[in-house]
$ cat query_24.txt   # compact mmCIF, C-alpha atoms
# COMPACT_ATOMS: atom_id res chain seq x y z
CA MET A 1 8.93 6.79 35.74
CA TYR A 2 8.81 3.23 37.11
CA GLN A 3 11.93 2.43 35.09
CA TYR A 4 13.67 5.59 36.34
CA ILE A 5 12.89 4.73 39.97
CA GLY A 6 13.97 1.13 39.35
CA LEU A 7 17.32 2.30 38.01
CA THR A 8 17.89 4.57 41.02
CA LEU A 9 17.32 1.54 43.25
CA TYR A 10 19.70 -0.47 41.05
CA MET A 11 22.35 2.22 41.53
CA GLY A 12 21.83 1.99 45.28
CA LEU A 13 22.62 -1.72 45.16
CA LEU A 14 25.51 -1.53 42.71
CA LYS A 15 27.76 1.45 43.42
CA ARG A 16 29.69 3.29 40.72
CA PRO A 17 31.70 6.55 40.98
CA LYS A 18 29.59 8.32 38.34
CA ILE A 19 26.15 7.75 36.88
CA LYS A 20 27.51 7.55 33.33
CA ASP A 21 29.65 4.55 34.36
CA PHE A 22 26.51 2.39 34.32
CA TRP A 23 26.32 2.85 30.53
CA CYS A 24 30.07 2.69 29.87
CA THR A 25 31.01 0.02 27.29
CA SER A 26 34.79 0.43 27.22
CA SER A 27 35.48 -0.41 30.88
CA ILE A 28 36.17 -3.86 32.28
CA PHE A 29 33.59 -3.03 34.97
CA ARG A 30 30.75 -2.38 32.54
CA VAL A 31 27.29 -3.65 33.48
CA PRO A 32 24.80 -4.85 30.84
CA TYR A 33 21.52 -4.26 32.72
CA PRO A 34 20.95 -0.42 32.63
CA PRO A 35 21.23 -0.13 28.81
CA GLN A 36 18.51 -2.78 28.53
CA VAL A 37 16.16 -0.61 30.59
CA MET A 38 16.68 2.79 28.95
CA PRO A 39 19.41 4.79 27.15
CA ARG A 40 21.74 6.96 29.16
CA ASP A 41 20.52 10.24 27.64
CA ARG A 42 16.91 9.40 28.45
CA PHE A 43 17.85 8.77 32.09
CA TYR A 44 19.71 12.09 32.19
CA ASN A 45 16.75 13.95 30.66
CA ILE A 46 14.38 12.58 33.31
CA ALA A 47 16.82 13.40 36.13
CA TRP A 48 17.33 16.97 34.88
CA ASN A 49 13.63 17.73 34.40
CA ILE A 50 11.97 15.83 37.22
CA HIS A 51 9.54 17.83 39.40
CA MET A 52 7.02 16.92 42.09
CA SER A 53 4.92 20.03 41.50
CA ASP A 54 3.89 22.29 38.63
CA PRO A 55 6.84 24.60 37.75
CA ALA A 56 4.39 27.41 36.96
CA GLU A 57 2.90 27.13 40.45
CA ASP A 58 6.42 27.01 41.90
CA ALA A 59 7.20 30.35 40.27
CA LEU A 60 3.98 31.82 41.66
CA ASN A 61 4.83 30.53 45.13
CA ASP A 62 8.37 31.98 44.91
CA SER A 63 6.88 35.41 44.24
CA ARG A 64 5.15 35.20 47.64
CA LYS A 65 8.42 34.79 49.54
CA GLY A 66 8.27 36.75 52.79
CA MET A 67 4.46 36.63 52.90
CA ASP A 68 2.29 34.51 55.20
CA ASN A 69 0.98 32.34 52.35
CA TYR A 70 4.49 31.35 51.16
CA ASP A 71 5.11 27.58 51.35
CA CYS A 72 8.81 26.65 51.55
CA LEU A 73 7.91 22.98 50.88
CA HIS A 74 5.84 23.72 47.77
CA ARG A 75 8.23 21.88 45.43
CA ILE A 76 7.81 18.62 47.33
CA ARG A 77 4.33 19.18 48.80
CA PRO A 78 2.27 16.79 46.58
CA LEU A 79 4.51 13.77 47.14
CA TYR A 80 5.20 14.75 50.75
CA ASP A 81 1.51 14.73 51.66
CA SER A 82 0.65 11.58 49.71
CA LEU A 83 3.57 9.59 51.15
CA ARG A 84 2.62 10.49 54.73
CA VAL A 85 -0.92 9.28 54.04
CA ALA A 86 0.36 6.07 52.43
CA CYS A 87 2.64 5.25 55.38
CA LYS A 88 -0.32 5.40 57.74
CA ALA A 89 -2.90 3.82 55.41
CA VAL A 90 -1.33 0.40 54.82
CA TYR A 91 0.04 -0.48 58.26
CA HIS A 92 -1.09 -0.13 61.86
CA PRO A 93 2.01 0.20 64.05
CA GLN A 94 2.94 -1.88 67.07
CA GLN A 95 2.43 -0.59 70.59
CA HIS A 96 5.90 0.80 71.27
CA LEU A 97 6.70 3.95 69.24
CA SER A 98 9.75 6.20 69.27
CA VAL A 99 10.25 9.82 68.17
CA ASP A 100 13.62 11.12 67.01
CA GLU A 101 15.33 13.31 64.39
CA ARG A 102 16.67 12.24 61.01
CA MET A 103 18.97 14.23 58.73
CA VAL A 104 18.79 14.14 54.92
CA ALA A 105 22.27 15.14 53.82
CA THR A 106 22.52 18.25 51.68
CA LYS A 107 24.56 21.45 51.56
CA ALA A 108 22.19 23.32 49.28
CA ARG A 109 21.75 27.03 49.97
CA ILE A 110 18.22 26.89 51.35
CA ALA A 111 16.60 28.06 54.58
CA LEU A 112 15.59 24.47 55.43
CA LYS A 113 19.21 23.40 55.95
CA GLN A 114 20.16 22.67 59.56
CA TYR A 115 23.39 21.94 61.43
CA ILE A 116 23.47 19.40 64.28
CA LYS A 117 26.98 18.79 65.57
CA ASN A 118 26.18 15.52 67.39
CA LYS A 119 24.73 13.77 64.32
CA PRO A 120 26.76 11.65 61.86
CA THR A 121 25.17 13.75 59.09
CA LYS A 122 25.76 17.26 60.40
CA TRP A 123 24.40 19.34 57.50
CA GLY A 124 21.04 18.63 55.96
CA ILE A 125 17.26 18.86 56.12
CA LYS A 126 15.92 17.79 59.51
CA LEU A 127 12.95 15.45 59.80
CA PHE A 128 11.02 14.51 62.92
CA VAL A 129 10.22 10.80 62.58
CA LEU A 130 7.74 8.50 64.33
CA SER A 131 8.69 4.83 64.10
CA ASP A 132 7.76 1.58 65.83
CA ASN A 133 10.28 -0.96 67.11
CA THR A 134 10.41 -2.79 63.74
CA GLY A 135 11.89 0.30 62.03
CA TYR A 136 8.72 1.12 60.06
CA THR A 137 8.38 4.87 59.43
CA VAL A 138 4.84 5.54 60.62
CA ASP A 139 4.91 9.31 60.08
CA PHE A 140 7.37 12.15 59.62
CA SER A 141 7.44 15.91 59.31
CA ILE A 142 10.03 18.27 57.85
CA TYR A 143 11.28 21.03 60.12
CA THR A 144 10.72 24.38 58.42
CA GLY A 145 11.74 26.79 61.19
CA ARG A 146 10.49 28.29 64.42
CA SER A 147 7.99 30.51 62.65
CA THR A 148 5.70 27.49 62.23
CA LEU A 149 5.24 26.89 65.98
CA VAL A 150 1.59 26.99 66.96
CA SER A 151 1.15 25.89 70.60
CA GLY A 152 3.58 28.22 72.32
CA LYS A 153 4.97 25.30 74.37
CA GLY A 154 8.20 24.87 72.43
CA LEU A 155 9.55 23.09 69.38
CA SER A 156 9.85 19.68 71.03
CA PHE A 157 6.18 19.73 72.15
CA ASP A 158 4.92 20.69 68.69
CA ALA A 159 7.20 18.17 66.92
CA VAL A 160 5.82 15.24 68.92
CA MET A 161 2.20 16.34 68.76
CA SER A 162 2.41 16.80 64.98
CA LEU A 163 3.20 13.07 64.74
CA ILE A 164 0.93 11.66 67.48
CA GLN A 165 -2.61 11.77 66.10
CA LYS A 166 -5.27 10.09 68.21
CA SER A 167 -7.71 10.02 65.28
CA TYR A 168 -5.37 7.59 63.51
CA LEU A 169 -3.56 5.75 66.32
CA GLY A 170 -6.36 5.52 68.85
CA SER A 171 -4.95 5.24 72.38
CA GLY A 172 -2.87 2.90 74.52
CA TYR A 173 0.42 3.46 72.70
CA HIS A 174 3.74 3.91 74.50
CA ILE A 175 5.85 6.80 73.22
CA TYR A 176 9.63 6.86 73.82
CA CYS A 177 11.79 9.93 73.20
CA ASP A 178 15.13 11.41 74.25
CA ASN A 179 15.87 14.42 76.45
CA PHE A 180 15.28 16.92 73.64
CA TYR A 181 11.54 16.16 73.68
CA THR A 182 10.87 15.07 77.28
CA SER A 183 9.02 17.65 79.36
CA PRO A 184 6.33 17.46 82.05
CA ALA A 185 3.97 19.50 79.85
CA LEU A 186 4.28 17.04 76.95
CA PHE A 187 3.97 13.88 79.05
CA SER A 188 0.97 15.24 80.96
CA HIS A 189 -0.72 16.14 77.67
CA LEU A 190 -0.03 12.67 76.21
CA HIS A 191 -1.35 11.04 79.38
CA GLY A 192 -4.56 13.02 79.03
CA LEU A 193 -4.95 11.71 75.46
CA GLY A 194 -4.48 8.08 76.55
CA PHE A 195 -0.82 7.65 75.56
CA GLY A 196 1.95 6.50 77.87
CA ALA A 197 5.35 8.19 77.58
CA CYS A 198 8.89 7.49 78.71
CA GLY A 199 12.14 9.34 78.07
CA THR A 200 15.33 10.74 79.49
CA PHE A 201 15.14 14.32 80.73
CA ARG A 202 17.34 17.36 81.37
CA ASP A 203 17.45 18.82 84.86
CA THR A 204 17.14 22.33 83.39
CA ARG A 205 13.75 21.63 81.77
CA ILE A 206 10.83 23.68 83.11
CA GLY A 207 8.69 21.69 85.52
CA ILE A 208 11.36 19.17 86.57
CA PRO A 209 11.40 18.87 90.39
CA LYS A 210 14.63 20.08 91.96
CA THR A 211 15.72 18.90 95.43
CA LYS A 212 19.00 18.00 97.11
CA GLU A 213 17.35 15.94 99.85
CA ASN A 214 18.47 12.29 99.55
CA ALA A 215 19.84 13.01 96.06
CA LEU A 216 22.42 10.93 94.19
CA THR A 217 26.08 11.90 94.47
CA LYS A 218 29.18 10.91 92.50
CA LYS A 219 30.05 8.45 95.28
CA SER A 220 26.68 6.68 95.19
CA PRO A 221 27.17 2.95 94.45
CA ARG A 222 26.15 1.59 91.07
CA GLY A 223 22.50 0.53 91.05
CA THR A 224 21.31 3.24 93.49
CA ILE A 225 17.78 4.49 92.64
CA ARG A 226 15.99 7.69 93.67
CA TRP A 227 12.56 8.86 92.50
CA ILE A 228 9.88 11.54 92.93
CA ARG A 229 6.26 11.17 91.82
CA GLU A 230 4.02 14.08 90.79
CA GLY A 231 0.59 12.85 89.76
CA PRO A 232 0.95 10.51 86.74
CA LEU A 233 4.61 11.50 86.26
CA ILE A 234 7.47 9.70 87.98
CA PHE A 235 11.00 11.14 87.82
CA ILE A 236 13.67 8.48 88.34
CA LYS A 237 17.42 8.83 88.78
CA TRP A 238 19.63 5.75 88.59
CA MET A 239 23.38 5.51 89.10
CA ASP A 240 25.23 3.53 86.42
CA THR A 241 28.69 4.64 85.32
CA ARG A 242 27.07 8.07 85.59
CA GLU A 243 23.69 9.41 86.61
CA VAL A 244 20.75 8.45 84.34
CA SER A 245 17.54 10.51 84.53
CA VAL A 246 14.24 9.12 83.21
CA CYS A 247 10.68 10.41 83.32
CA SER A 248 7.71 8.09 82.71
CA THR A 249 3.96 7.78 82.94
CA LEU A 250 4.12 4.01 82.34
CA HIS A 251 6.34 2.53 85.03
CA THR A 252 6.88 2.20 88.71
CA ALA A 253 10.22 3.19 90.20
CA PHE A 254 11.53 -0.36 90.62
CA SER A 255 10.07 -3.78 89.79
CA GLY A 256 12.95 -6.08 90.66
CA ASP A 257 14.75 -5.94 87.28
CA THR A 258 18.52 -6.38 87.15
CA VAL A 259 21.26 -5.90 84.59
CA LYS A 260 24.81 -7.25 84.40
CA ARG A 261 27.63 -4.79 84.93
CA ALA A 262 31.41 -5.20 85.32
CA CYS A 263 32.31 -4.04 88.84
CA LYS A 264 35.54 -4.23 90.81
CA VAL A 265 35.19 -6.82 93.57
CA GLY A 266 38.23 -7.83 95.63
CA GLY A 267 40.64 -6.07 93.28
CA LYS A 268 39.24 -7.82 90.16
CA TYR A 269 36.48 -6.89 87.72
CA ARG A 270 33.57 -9.31 87.72
CA ALA A 271 30.12 -9.34 86.12
CA ILE A 272 27.54 -8.83 88.86
CA GLU A 273 23.77 -8.24 88.85
CA VAL A 274 22.83 -4.59 89.45
CA GLN A 275 19.27 -3.44 90.07
CA VAL A 276 17.84 -1.24 87.33
CA PRO A 277 14.54 0.69 87.00
CA THR A 278 12.07 -0.85 84.57
CA ALA A 279 11.76 2.52 82.81
CA VAL A 280 15.47 2.50 81.94
CA LYS A 281 15.32 -1.10 80.71
CA ASP A 282 12.29 -0.45 78.47
CA TYR A 283 13.76 2.81 77.19
CA ASN A 284 16.92 1.01 76.03
CA GLN A 285 14.82 -1.67 74.35
CA PHE A 286 12.26 0.42 72.50
CA MET A 287 13.93 3.79 71.83
CA GLY A 288 15.93 2.56 68.81
CA GLY A 289 13.09 2.37 66.27
CA VAL A 290 14.16 5.48 64.33
CA ASP A 291 17.83 4.43 64.45
CA LEU A 292 16.88 1.03 63.03
CA SER A 293 14.89 2.76 60.29
CA ASP A 294 17.92 4.95 59.45
CA GLN A 295 20.12 1.87 59.29
CA LEU A 296 17.78 0.06 56.89
CA ILE A 297 17.41 3.15 54.68
CA GLY A 298 21.17 3.68 54.57
CA SER A 299 21.94 0.07 53.63
CA TYR A 300 20.85 0.38 49.98
CA SER A 301 20.00 4.07 49.64
CA SER A 302 19.25 5.56 46.22
CA TRP A 303 20.64 8.94 47.38
CA ARG A 304 23.02 10.73 45.02
CA LYS A 305 24.48 14.20 45.24
CA SER A 306 22.33 16.77 43.46
CA ARG A 307 22.31 20.54 43.03
CA LYS A 308 18.52 20.58 43.50
CA TRP A 309 17.48 20.03 47.10
CA TYR A 310 14.05 18.69 46.16
CA VAL A 311 15.65 15.89 44.12
CA THR A 312 17.63 14.87 47.21
CA VAL A 313 14.39 14.79 49.22
CA LEU A 314 12.71 12.81 46.41
CA HIS A 315 15.31 10.05 46.68
CA HIS A 316 14.85 9.98 50.45
CA PHE A 317 11.09 9.58 49.95
CA ILE A 318 11.81 6.65 47.62
CA ASP A 319 14.03 5.08 50.28
CA ILE A 320 11.29 5.44 52.91
CA ALA A 321 8.74 3.78 50.64
CA VAL A 322 11.06 0.89 49.73
CA THR A 323 12.13 0.27 53.33
CA ASN A 324 8.55 0.30 54.59
CA SER A 325 7.57 -2.10 51.80
CA TYR A 326 10.35 -4.49 52.81
CA LEU A 327 9.19 -4.43 56.45
CA LEU A 328 5.61 -5.10 55.35
CA SER A 329 6.87 -8.06 53.34
CA LYS A 330 8.59 -9.46 56.43
CA GLN A 331 5.41 -9.05 58.48
CA LEU A 332 3.30 -10.88 55.89
CA CYS A 333 5.82 -13.72 55.61
CA SER A 334 5.84 -14.18 59.39
CA ARG A 335 2.04 -14.40 59.44
CA LEU A 336 2.06 -16.95 56.60
CA LYS A 337 4.92 -18.83 58.33
CA GLN A 338 7.18 -18.38 55.29
CA GLN A 339 10.87 -17.59 55.11
CA PRO A 340 11.18 -13.83 54.40
CA MET A 341 13.54 -12.48 51.76
CA THR A 342 16.67 -10.66 52.74
CA HIS A 343 16.75 -6.88 52.31
CA GLN A 344 19.02 -7.17 49.26
CA ALA A 345 16.93 -9.91 47.61
CA PHE A 346 13.75 -7.86 48.13
CA GLN A 347 15.28 -4.76 46.55
CA GLU A 348 16.66 -6.78 43.63
CA LEU A 349 13.21 -8.23 42.91
CA LEU A 350 11.55 -4.82 43.26
CA THR A 351 14.13 -3.26 40.93
CA ALA A 352 13.53 -5.90 38.26
CA GLU A 353 9.74 -5.43 38.45
CA LEU A 354 9.95 -1.64 38.26
CA CYS A 355 12.37 -1.72 35.35
CA GLY A 356 10.27 -4.31 33.50
CA VAL A 357 13.41 -6.19 32.43
CA PRO A 358 13.84 -9.45 34.36
CA SER A 359 17.37 -10.44 35.24
CA GLN A 360 18.69 -13.26 33.07
CA PRO A 361 20.25 -16.18 34.94
CA VAL A 362 23.85 -16.92 34.08
CA LEU A 363 24.06 -20.42 32.64
CA GLU A 364 27.16 -22.31 33.62
CA SER A 365 28.82 -24.33 30.89
CA TYR A 366 29.73 -27.81 32.05
CA HIS A 367 32.33 -29.84 30.13
CA HIS A 368 31.77 -33.50 30.94
CA PHE A 369 35.18 -34.73 29.83
CA PRO A 370 37.04 -37.64 31.41
CA VAL A 371 40.26 -36.52 33.09
CA ALA A 372 42.84 -38.18 35.34
CA ILE A 373 41.99 -38.22 39.04
CA PHE A 374 45.61 -37.66 39.97
CA GLU A 375 48.14 -35.83 37.81
CA GLY A 376 51.89 -35.70 38.21
CA ALA A 377 52.41 -39.30 39.36
CA PRO A 378 55.81 -40.88 38.74
CA GLU A 379 56.22 -43.16 35.70
CA GLN A 380 55.92 -46.46 37.59
CA LYS A 381 52.70 -45.35 39.45
CA LYS A 382 50.73 -43.63 36.68
CA ALA A 383 48.33 -46.57 36.34
CA THR A 384 47.66 -47.03 40.07
CA GLN A 385 48.06 -43.77 42.01
CA GLY A 386 44.78 -41.91 42.69
CA ARG A 387 42.52 -44.77 41.61
CA ARG A 388 38.96 -44.72 43.05
CA LYS A 389 35.88 -46.91 42.77
CA CYS A 390 33.69 -46.21 39.74
CA ARG A 391 30.28 -44.76 40.59
CA LEU A 392 28.48 -47.28 38.31
CA CYS A 393 30.39 -50.57 38.22
CA GLY A 394 32.36 -50.26 41.47
CA LYS A 395 35.68 -51.22 39.89
CA CYS A 396 38.82 -49.12 40.30
CA THR A 397 39.48 -46.42 37.74
CA PRO A 398 42.04 -43.60 37.40
CA PHE A 399 39.52 -41.36 35.58
CA MET A 400 36.74 -39.01 36.68
CA CYS A 401 34.35 -36.51 35.05
CA GLU A 402 35.87 -33.01 34.92
CA ALA A 403 32.55 -31.27 35.72
CA CYS A 404 30.87 -33.75 38.07
CA LYS A 405 34.05 -34.86 39.90
CA VAL A 406 32.66 -38.44 39.86
CA PRO A 407 35.03 -41.41 39.28
CA LEU A 408 33.96 -43.29 36.11
CA CYS A 409 35.55 -45.96 33.95
CA VAL A 410 36.71 -45.14 30.42
CA ILE A 411 37.96 -48.32 28.70
CA VAL A 412 37.16 -50.18 25.52
CA ASP A 413 34.63 -52.69 26.87
CA ARG A 414 33.30 -50.60 29.79
CA ASN A 415 32.52 -46.91 29.12
CA CYS A 416 30.80 -45.97 32.39
CA HIS A 417 31.40 -42.27 31.66
CA LYS A 418 29.08 -42.37 28.64
CA THR A 419 26.50 -44.54 30.39
CA TYR A 420 26.39 -42.33 33.46
CA HIS A 421 25.77 -39.08 31.56
CA SER A 422 23.16 -40.59 29.26
CA SER A 423 21.16 -42.03 32.20
CA ALA A 424 18.63 -40.24 34.40
CA CYS A 425 21.07 -39.77 37.29
CA GLY A 426 23.65 -38.25 34.98
CA THR A 427 21.07 -35.83 33.53
CA GLU A 428 20.15 -34.62 37.02
CA LYS A 429 23.82 -33.99 37.70
$ encode --input "query_24.txt" --output "structure tokens"
Amino acid sequence: MYQYIGLTLYMGLLKRPKIKDFWCTSSIFRVPYPPQVMPRDRFYNIAWNIHMSDPAEDALNDSRKGMDNYDCLHRIRPLYDSLRVACKAVYHPQQHLSVDERMVATKARIALKQYIKNKPTKWGIKLFVLSDNTGYTVDFSIYTGRSTLVSGKGLSFDAVMSLIQKSYLGSGYHIYCDNFYTSPALFSHLHGLGFGACGTFRDTRIGIPKTKENALTKKSPRGTIRWIREGPLIFIKWMDTREVSVCSTLHTAFSGDTVKRACKVGGKYRAIEVQVPTAVKDYNQFMGGVDLSDQLIGSYSSWRKSRKWYVTVLHHFIDIAVTNSYLLSKQLCSRLKQQPMTHQAFQELLTAELCGVPSQPVLESYHHFPVAIFEGAPEQKKATQGRRKCRLCGKCTPFMCEACKVPLCVIVDRNCHKTYHSSACGTEK
């Protein structure tokens, strides 16, 4: 299984149109590494028969479809639960956390499939993800439908609270989310648990104060700020190119922060300082944790199209584990004051260790032959044109080493070429 996972990571680094192309021997693009790990048919057999749960128990669970004890995630449940525990067991996240959706692309005919028109991946299985500002996936949950709602306060409330667990995190964390999740009920509940929250909001959300007194208009100048406070909640509206609405339990309305914007002054556009609420500035800085995680996962993803939806989810779980491992490696290197590996170098090393077949370095063949420094000189200048000082004796010579590109004499009574390559300095070259 380690070798199988290692090969899926290898295929994420080195792309080919079809899986069988990695074992092809008649193509000019053939690669020698996968056949050293395992035969093609063995890889196919594992891919066709891989399961994360007992098939007999899957059949029993399928017979309960439509009942209360039916589990639509039964086929991935063992790995799903253990991976969530592992993500939280080996790393304690930083203070600023963000909650957002993630789509695992699939068009399988299952009830889990969702359609979100504003996402780059429109069809797939939707995950609610909790991440810190490094991109580490702290926790995640798979959306299985509205029938699983338990609080009665809406999907967005339940999605956030399923990820924010005080027994694990403690308190004092700052949670950032977009307008799908932001609501006064959620932020008040988080404040009661000891968590700060900040996010954009929709004016149509229940509990949002509505007033036209001293409100922003389309003609309000850029940088105009309006706010209303209700207990621990502050509702801020700021005019940028359009109106921006932010709710927070962490910030004051304005702390003197500014941001550069291009504004028309005297008929010309110039960069001027515009006042900005601290809540907006912090939201822009810390909300991108899940997007950063998606970017890292998509860089060298092991995902491949499959007819079985649980195999697609399996490869996404592998990508989460590998990406989190890479981020942990960077954290450890920074503490030890060492230069961290790049994402590609880390995945190459991990692939080689999982496969158990180390990559063989390509040895370059050097031909230390004396050749002319300058070729194509006219007949009367063949002995003089292109002459340089010999590296050993300092006298002029028209010859150099083909591999080392070092000028060296090659004459009857002074063979500096042979002396140079038989000495210690020539050996190091």
$ closest_residue --input "query_24.txt" --among "A:Asp282, A:Asp291, A:Asp54, A:Asp21" --to "Val246 (chain A)" --atoms "all atoms listed in the file"
A:Asp282
$ closest_residue --input "query_24.txt" --among "A:Ile236, A:Arg75, A:Ala105, A:Tyr91" --to "Pro55 (chain A)" --atoms "all atoms listed in the file"
A:Arg75
$ closest_residue --input "query_24.txt" --among "A:Arg102, A:Arg40, A:Arg261, A:Arg388" --to "Asn118 (chain A)" --atoms "all atoms listed in the file"
A:Arg102
$ residues_around --input "query_24.txt" --residues "Met400 (chain A)" --least-positions-apart "3" --cutoff "7 Å" --atoms "all atoms listed in the file" --output "count of residues only"
8
$ closest_residue --input "query_24.txt" --among "A:Val37, A:Met52, A:Ile46, A:Ile164" --to "Leu97 (chain A)" --atoms "all atoms listed in the file"
A:Ile164
$ atom_distance --input "query_24.txt" --atom1 "CA of Leu13 (chain A)" --atom2 "CA of Trp303 (chain A)"
11.1 Å
$ residues_around --input "query_24.txt" --residues "region 375-380 of chain A" --least-positions-apart "4" --cutoff "12 Å" --atoms "only C-alpha atoms" --output "number ranges by chain"
A: 371, 384-387, 398-400
$ write_last_selection --input "query_24.txt" --atoms "C-alpha atoms" --output "compact mmCIF listing (two decimals), in the coordinates of the input"
# COMPACT_ATOMS: atom_id res chain seq x y z
CA VAL A 371 40.26 -36.52 33.09
CA THR A 384 47.66 -47.03 40.07
CA GLN A 385 48.06 -43.77 42.01
CA GLY A 386 44.78 -41.91 42.69
CA ARG A 387 42.52 -44.77 41.61
CA PRO A 398 42.04 -43.60 37.40
CA PHE A 399 39.52 -41.36 35.58
CA MET A 400 36.74 -39.01 36.68
$ atom_distance --input "query_24.txt" --atom1 "CA of Asp71 (chain A)" --atom2 "CA of Asp158 (chain A)"
18.7 Å
